[in-house]
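*Asks:* Below is a structure I'd like to ask you about.
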2 protein chains.
Amino acid sequence: MAGRPRKFKEDEVIQKACDVFWEKGYAAASSEDLLQAMNMGKGSFYLHFKDGKEELFKRTLDFRAKQSLQKIRTRLAETNNKVEVLKSLFHERLNTEEYFKNYGCFLGNTIVEMSNLNAELKELAAHYLKQLEQVFEEVISEAQENKRISSTKPPRFIARYLINIWNGMNITKRMNGSNDILKEVVGLQLQILD
Amino acid sequence: MAGRPRKFKEDEVIQKACDVFWEKGYAAASSEDLLQAMNMGKGSFYLHFKDGKEELFKRTLDFRAKQSLQKIRTRLAETNNKVEVLKSLFHERLNTEEYFKNYGCFLGNTIVEMSNLNAELKELAAHYLKQLEQVFEEVISEAQENKRISSTKPPRFIARYLINIWNGMNITKRMNGSNDILKEVVGLQLQILD
DNA sequence: CATATTATGTACTGTTTGGTACAATATTAT
DNA sequence: ATAATATTGTACCAAACAGTACATAATATG
């Protein structure tokens, strides 16, 4: 193993790229924007991301989605009230800092942008969002067995119900200045978990 | 009034542009794409849409939103069961033809794409989506007065509840090959109108 | 028919785009 | 030291982009 040492850490530059893609979407994020945020020259960039912008976006989606899912799984593993954690995930999304208030869900945004442009990227985002749904389903299934949820609807059904609220919030949150009414709405919708 | 006659009808070219923007979004719709679909040369285009692509997009949003809202208002005016019409709007969205299945709601798509790129366009889309919410609210308000809805929650609240389902469907619909479960989910969520 | 007026089509322009070529540089192994 | 190797920075490139300039064409009016 020889050669000039890398100036960058892979996780860090992907994190930076993620910020840019998350803010602007795929098309509107120029390579200028990305390279500047990653603090990388073109030479290094195209050496490490052979397929350029599209590869970077894929890696970014993978990184963010796995990171987020991991955080959620950890929280669920550490709590004694998993249903409450699920509810918190929703409430937290409506209480994000001012800076992030327009960012929405990176996966949902990608599905919207890519639906008719790049089937592979759309499917990748859908894949990870389905994993989130799967996590919901497992929690619900277990909670039903433990009689912590009174609804007897199939876990699969309740999980999709939740994902639909999740996706709704992604857009509704950005329609209005205040989230007050939406918070109440989501509170009611989450009663399916009582 | 003199001069060479126009080759195009304004409504028709805006309709065509709408198809392109709806399919690809703002950024990914090139002027080539648009002009070809509109069957217009650059000369005519920039004469009639002085501010180019952005003006066209605004006009397109106006056109589509007003058209859709008008259709809905007409249906509501002609029925004797307005609540049922509301429900139909949702069900129809999950039964669109194969061709349109990935298109989603033009207004919701625009809010997602423009949130951090163009505040004016985002606000315009949000404005029209709020008008839809307003229509929901009026129907609900009247239905409560007529005791056709049992929920006593504020109409404003129920309307936002519906809009959140609407926005959720925009993304959830495109996550999965089949809409079967989502149809049941939405059916349950719409019970708030019973 | 002449003129004013409006619309059209095409050639052109400067900028930005994503991406490549390649020489210079910094390391490890021999 | 030096050869081999991996990374970096910069200059470059062709294509696509949104938009302009302008000569030509088709009408209404006097």
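Each chain of the structure tokens is named A, B, ... in the order shown, its residues numbered from 1; ligands are numbered from 1 in display order.
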Counting only C-alpha atoms (C1' of nucleotides), which residues from chain D have an atom at most 9 Å from any atom of chain B, and could you show them as an MDAnalysis selection string?

*Replies:* chainID D and resid 17:19 25:29

*Asks:* List the spatial neighbours of Leu190 in chain B as a compact mmCIF listing (two decimals) with C-alpha atoms, in the first residue's frame - criterion: any atom at most 9 Å away, only C-alpha atoms (C1' of nucleotides), same-chain residues fewer than 5 positions off excluded.

*Replies:*
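Below you can see around_12.txt, which holds the result:
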# COMPACT_ATOMS: atom_id res chain seq x y z
CA LYS B 87 -64.27 11.16 -0.89
CA PHE B 90 -59.28 10.83 -3.04
CA LEU B 162 -57.61 15.66 4.59
CA ILE B 165 -53.75 12.50 3.50
CA VAL B 185 -55.71 2.96 4.44

*Asks:* For chain A, list the residues within 10 Å of chain B, counting only C-alpha atoms, and write the list as an NGL selection string.

*Replies:* :A and (22-28 or 101-105 or 107-117 or 122-130 or 156-176 or 181-182 or 184-186 or 188-189)

*Asks:* Taking only C-alpha atoms (C1' of nucleotides) into account, report as a VMD selection string which residues of chain C lie within 10 Å of chain B.

*Replies:* chain C and resid 4 to 10

*Asks:* With C-alpha atoms (C1' of nucleotides) retained, export the selected residues as an mmCIF file, in the first residue's frame.

*Replies:*
data_model
loop_
_atom_site.group_PDB
_atom_site.id
_atom_site.type_symbol
_atom_site.label_atom_id
_atom_site.label_comp_id
_atom_site.auth_asym_id
_atom_site.auth_seq_id
_atom_site.Cartn_x
_atom_site.Cartn_y
_atom_site.Cartn_z
ATOM 1 C "C1'" DA C 4 -47.792 49.880 -39.710
ATOM 2 C "C1'" DT C 5 -47.960 46.108 -36.833
ATOM 3 C "C1'" DT C 6 -47.529 41.695 -34.985
ATOM 4 C "C1'" DA C 7 -45.720 36.942 -35.237
ATOM 5 C "C1'" DT C 8 -42.372 33.565 -36.794
ATOM 6 C "C1'" DG C 9 -38.006 30.928 -37.645
ATOM 7 C "C1'" DT C 10 -33.180 30.719 -37.413
#

*Asks:* Could you check the closest approach to DT7 in chain D for each of C:DT15, C:DT20, C:DT3, C:DT27 and tell me which residue wins, using only C-alpha atoms (C1' of nucleotides)?

*Replies:* C:DT27

*Asks:* As a PDB file with C-alpha atoms (C1' of nucleotides), in the first residue's frame, please: the residues near DA14 in chain D (cut-off 12 Å, only C-alpha atoms (C1' of nucleotides), same-chain neighbours under 4 positions excluded).

*Replies:*
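Wrote it out as part16.pdb, contents follow:
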ATOM      1  C1'  DT C  17     -22.896  21.955 -17.115  1.00  0.00           C
ATOM      2  C1'  DG C  18     -20.755  17.365 -16.027  1.00  0.00           C
ATOM      3  C1'  DG C  19     -16.655  15.293 -17.088  1.00  0.00           C
ATOM      4  C1'  DT C  20     -11.441  14.309 -18.807  1.00  0.00           C
TER       5       DT C  20
END

*Asks:* When you look at Leu76 in chain B with a cut-off of 9 Å (counting only C-alpha atoms (C1' of nucleotides)), what residues show up, excluding the ones that are within fewer than 5 positions of it in the same chain? I need them as a PyMOL selection string.

*Replies:* chain B and resi 71+81-83+85-86+139
